[in-house]
Amino acid sequence: MQVFRVSPDHDISARYLDNRRLSKQVLELYQILRVNLSLIGVLDTNTRYRHHPIVKHIYNEGRPYITDTFRLLDACDKEHQRRGGKRSPAFREDLDALKRLIEHHAGDGLWHDDPLPPHYVYGDVRIEGVAAYRAYIELLNAKWLADTIAPRCGMHIK
């Protein structure tokens, strides 16, 4: 489970991902948000990923970054659709229901509205702060070089 952020701008991060990772990013952000909402008692769902490093980072010791994480999910979903990506009607409804749930509880003081701090986790490597963006760029570039199918994304690699 990863949250690939190459920039504080969610649209840039979404455009940077190749199609396969972009589609997967939407699903993983959806799962991360649901676990976090369950941990604060807003949703009743499986919390087996609660100990995953990125879930714990977003959970932020009980004051999760729900608003900004949802903004990232929304940016990734919009970019996925812009590229012609499809979602099942059932998952589209699940995303809409998640949005309504977050909007319903937005003023309840249950989570941070602050931006999600940059955080890189890969294997045993942990990087906090703006260096995390560069680390994700390097990780994605390495993954693309190793991919057997050429990646397609919305950014030009320099």
# chains A, B, ... in the order shown; residues from 1 in each chain; ligands from 1
$ select_by_dssp --residues "chain A" --states "alpha helix (DSSP H)" --output "VMD selection string"
chain A and resid 10 to 16 19 to 39 53 to 59 66 to 82 89 to 104 131 to 146
$ residues_around --residues "region 100-105 of chain A" --least-positions-apart "3" --cutoff "12 Å" --atoms "only C-alpha atoms" --output "PDB file with N, CA and C atoms, in the first residue's frame"
ATOM      1  N   TYR A  30      -9.031   5.000  -1.192  1.00  0.00           N
ATOM      2  CA  TYR A  30     -10.383   4.662  -0.727  1.00  0.00           C
ATOM      3  C   TYR A  30     -10.292   3.748   0.497  1.00  0.00           C
ATOM      4  N   LEU A  33      -8.809   5.641   3.583  1.00  0.00           N
ATOM      5  CA  LEU A  33      -9.806   6.539   4.170  1.00  0.00           C
ATOM      6  C   LEU A  33     -10.847   5.757   4.971  1.00  0.00           C
ATOM      7  N   ARG A  34     -11.319   4.651   4.435  1.00  0.00           N
ATOM      8  CA  ARG A  34     -12.325   3.853   5.145  1.00  0.00           C
ATOM      9  C   ARG A  34     -11.775   3.301   6.467  1.00  0.00           C
ATOM     10  N   ASN A  36      -9.379   4.635   8.280  1.00  0.00           N
ATOM     11  CA  ASN A  36      -9.245   5.773   9.192  1.00  0.00           C
ATOM     12  C   ASN A  36     -10.596   6.241   9.727  1.00  0.00           C
ATOM     13  N   LEU A  37     -11.601   6.275   8.869  1.00  0.00           N
ATOM     14  CA  LEU A  37     -12.939   6.669   9.327  1.00  0.00           C
ATOM     15  C   LEU A  37     -13.500   5.646  10.316  1.00  0.00           C
ATOM     16  N   SER A  38     -13.167   4.400  10.131  1.00  0.00           N
ATOM     17  CA  SER A  38     -13.597   3.372  11.065  1.00  0.00           C
ATOM     18  C   SER A  38     -12.880   3.521  12.406  1.00  0.00           C
ATOM     19  N   ILE A  40     -11.912   6.162  13.825  1.00  0.00           N
ATOM     20  CA  ILE A  40     -12.445   7.275  14.625  1.00  0.00           C
ATOM     21  C   ILE A  40     -13.942   7.127  14.881  1.00  0.00           C
ATOM     22  N   GLY A  41     -14.509   5.980  14.498  1.00  0.00           N
ATOM     23  CA  GLY A  41     -15.889   5.667  14.845  1.00  0.00           C
ATOM     24  C   GLY A  41     -16.957   6.201  13.918  1.00  0.00           C
ATOM     25  N   VAL A  42     -16.591   6.668  12.745  1.00  0.00           N
ATOM     26  CA  VAL A  42     -17.557   7.218  11.801  1.00  0.00           C
ATOM     27  C   VAL A  42     -18.117   6.141  10.882  1.00  0.00           C
ATOM     28  N   LEU A  43     -17.379   5.061  10.733  1.00  0.00           N
ATOM     29  CA  LEU A  43     -17.736   4.000   9.803  1.00  0.00           C
ATOM     30  C   LEU A  43     -17.428   2.667  10.470  1.00  0.00           C
ATOM     31  N   TYR A  65      -5.834  12.931   8.721  1.00  0.00           N
ATOM     32  CA  TYR A  65      -5.875  13.915   7.641  1.00  0.00           C
ATOM     33  C   TYR A  65      -6.899  13.464   6.600  1.00  0.00           C
ATOM     34  N   ILE A  66      -8.156  13.436   6.978  1.00  0.00           N
ATOM     35  CA  ILE A  66      -9.219  12.932   6.104  1.00  0.00           C
ATOM     36  C   ILE A  66      -9.479  13.874   4.931  1.00  0.00           C
ATOM     37  N   THR A  67      -9.602  15.162   5.208  1.00  0.00           N
ATOM     38  CA  THR A  67      -9.978  16.122   4.166  1.00  0.00           C
ATOM     39  C   THR A  67      -8.978  16.123   3.026  1.00  0.00           C
ATOM     40  N   ASP A  68      -7.698  16.262   3.341  1.00  0.00           N
ATOM     41  CA  ASP A  68      -6.700  16.349   2.280  1.00  0.00           C
ATOM     42  C   ASP A  68      -6.469  15.000   1.607  1.00  0.00           C
ATOM     43  N   THR A  69      -6.585  13.912   2.353  1.00  0.00           N
ATOM     44  CA  THR A  69      -6.452  12.596   1.733  1.00  0.00           C
ATOM     45  C   THR A  69      -7.586  12.375   0.747  1.00  0.00           C
ATOM     46  N   PHE A  70      -8.782  12.827   1.092  1.00  0.00           N
ATOM     47  CA  PHE A  70      -9.887  12.716   0.150  1.00  0.00           C
ATOM     48  C   PHE A  70      -9.654  13.595  -1.080  1.00  0.00           C
ATOM     49  N   ARG A  71      -9.062  14.766  -0.877  1.00  0.00           N
ATOM     50  CA  ARG A  71      -8.751  15.627  -2.032  1.00  0.00           C
ATOM     51  C   ARG A  71      -7.772  14.925  -2.979  1.00  0.00           C
ATOM     52  N   GLU A  93     -20.517   4.369  -6.918  1.00  0.00           N
ATOM     53  CA  GLU A  93     -21.445   4.676  -5.821  1.00  0.00           C
ATOM     54  C   GLU A  93     -20.717   4.645  -4.483  1.00  0.00           C
ATOM     55  N   ASP A  94     -19.789   3.713  -4.309  1.00  0.00           N
ATOM     56  CA  ASP A  94     -18.998   3.663  -3.073  1.00  0.00           C
ATOM     57  C   ASP A  94     -18.191   4.943  -2.882  1.00  0.00           C
ATOM     58  N   LEU A  95     -17.592   5.449  -3.965  1.00  0.00           N
ATOM     59  CA  LEU A  95     -16.844   6.706  -3.873  1.00  0.00           C
ATOM     60  C   LEU A  95     -17.769   7.870  -3.528  1.00  0.00           C
ATOM     61  N   ASP A  96     -18.940   7.902  -4.157  1.00  0.00           N
ATOM     62  CA  ASP A  96     -19.908   8.966  -3.865  1.00  0.00           C
ATOM     63  C   ASP A  96     -20.378   8.891  -2.414  1.00  0.00           C
ATOM     64  N   ALA A  97     -20.607   7.682  -1.919  1.00  0.00           N
ATOM     65  CA  ALA A  97     -21.039   7.507  -0.527  1.00  0.00           C
ATOM     66  C   ALA A  97     -19.947   7.959   0.442  1.00  0.00           C
ATOM     67  N   ASP A 108     -17.416  18.384  12.280  1.00  0.00           N
ATOM     68  CA  ASP A 108     -17.514  17.749  13.600  1.00  0.00           C
ATOM     69  C   ASP A 108     -16.226  17.788  14.410  1.00  0.00           C
ATOM     70  N   GLY A 109     -15.130  18.246  13.829  1.00  0.00           N
ATOM     71  CA  GLY A 109     -13.860  18.312  14.552  1.00  0.00           C
ATOM     72  C   GLY A 109     -13.216  16.951  14.789  1.00  0.00           C
ATOM     73  N   LEU A 110     -13.544  15.973  13.965  1.00  0.00           N
ATOM     74  CA  LEU A 110     -13.016  14.617  14.157  1.00  0.00           C
ATOM     75  C   LEU A 110     -11.665  14.404  13.480  1.00  0.00           C
ATOM     76  N   TRP A 111     -11.288  15.306  12.579  1.00  0.00           N
ATOM     77  CA  TRP A 111     -10.036  15.136  11.850  1.00  0.00           C
ATOM     78  C   TRP A 111      -9.460  16.481  11.467  1.00  0.00           C
ATOM     79  N   HIS A 112      -8.200  16.433  11.024  1.00  0.00           N
ATOM     80  CA  HIS A 112      -7.494  17.620  10.543  1.00  0.00           C
ATOM     81  C   HIS A 112      -7.989  18.005   9.161  1.00  0.00           C
ATOM     82  N   ASP A 113      -8.087  19.297   8.945  1.00  0.00           N
ATOM     83  CA  ASP A 113      -8.326  19.813   7.604  1.00  0.00           C
ATOM     84  C   ASP A 113      -7.007  20.287   6.988  1.00  0.00           C
TER      85      ASP A 113
END
$ atom_distance --atom1 "CA of Val130 (chain A)" --atom2 "CA of Gly107 (chain A)"
28.9 Å
$ closest_atom_pairs --of "region 66-96 of chain A" --to "region 9-16 of chain A" --cutoff "6 Å" --atoms "only C-alpha atoms" --output "CSV"
residue,atom,partner,partner_atom,distance
A:Leu72,CA,A:His10,CA,5.3
A:Ala75,CA,A:Asp11,CA,5.5
A:Cys76,CA,A:Ala14,CA,4.8
$ closest_residue --among "A:Gln2, A:Ser7, A:Gln31, A:Gln81" --to "Tyr133 (chain A)" --atoms "only C-alpha atoms"
A:Ser7
$ atom_distance --atom1 "CA of Ile127 (chain A)" --atom2 "CA of Val6 (chain A)"
12.9 Å
$ select_by_dssp --residues "region 27-128 of chain A" --states "strand (DSSP E)" --output "PyMOL selection string"
chain A and resi 119-122+125-128
$ closest_residue --among "A:Arg87, A:His119, A:Arg134, A:Arg126" --to "Ile58 (chain A)" --atoms "only C-alpha atoms"
A:His119
$ closest_residue --among "A:Met1, A:Leu140, A:Arg92, A:Ala132" --to "His51 (chain A)" --atoms "only C-alpha atoms"
A:Met1
$ closest_residue --among "A:Ala135, A:His57, A:Arg20, A:Lys99" --to "Pro117 (chain A)" --atoms "only C-alpha atoms"
A:His57
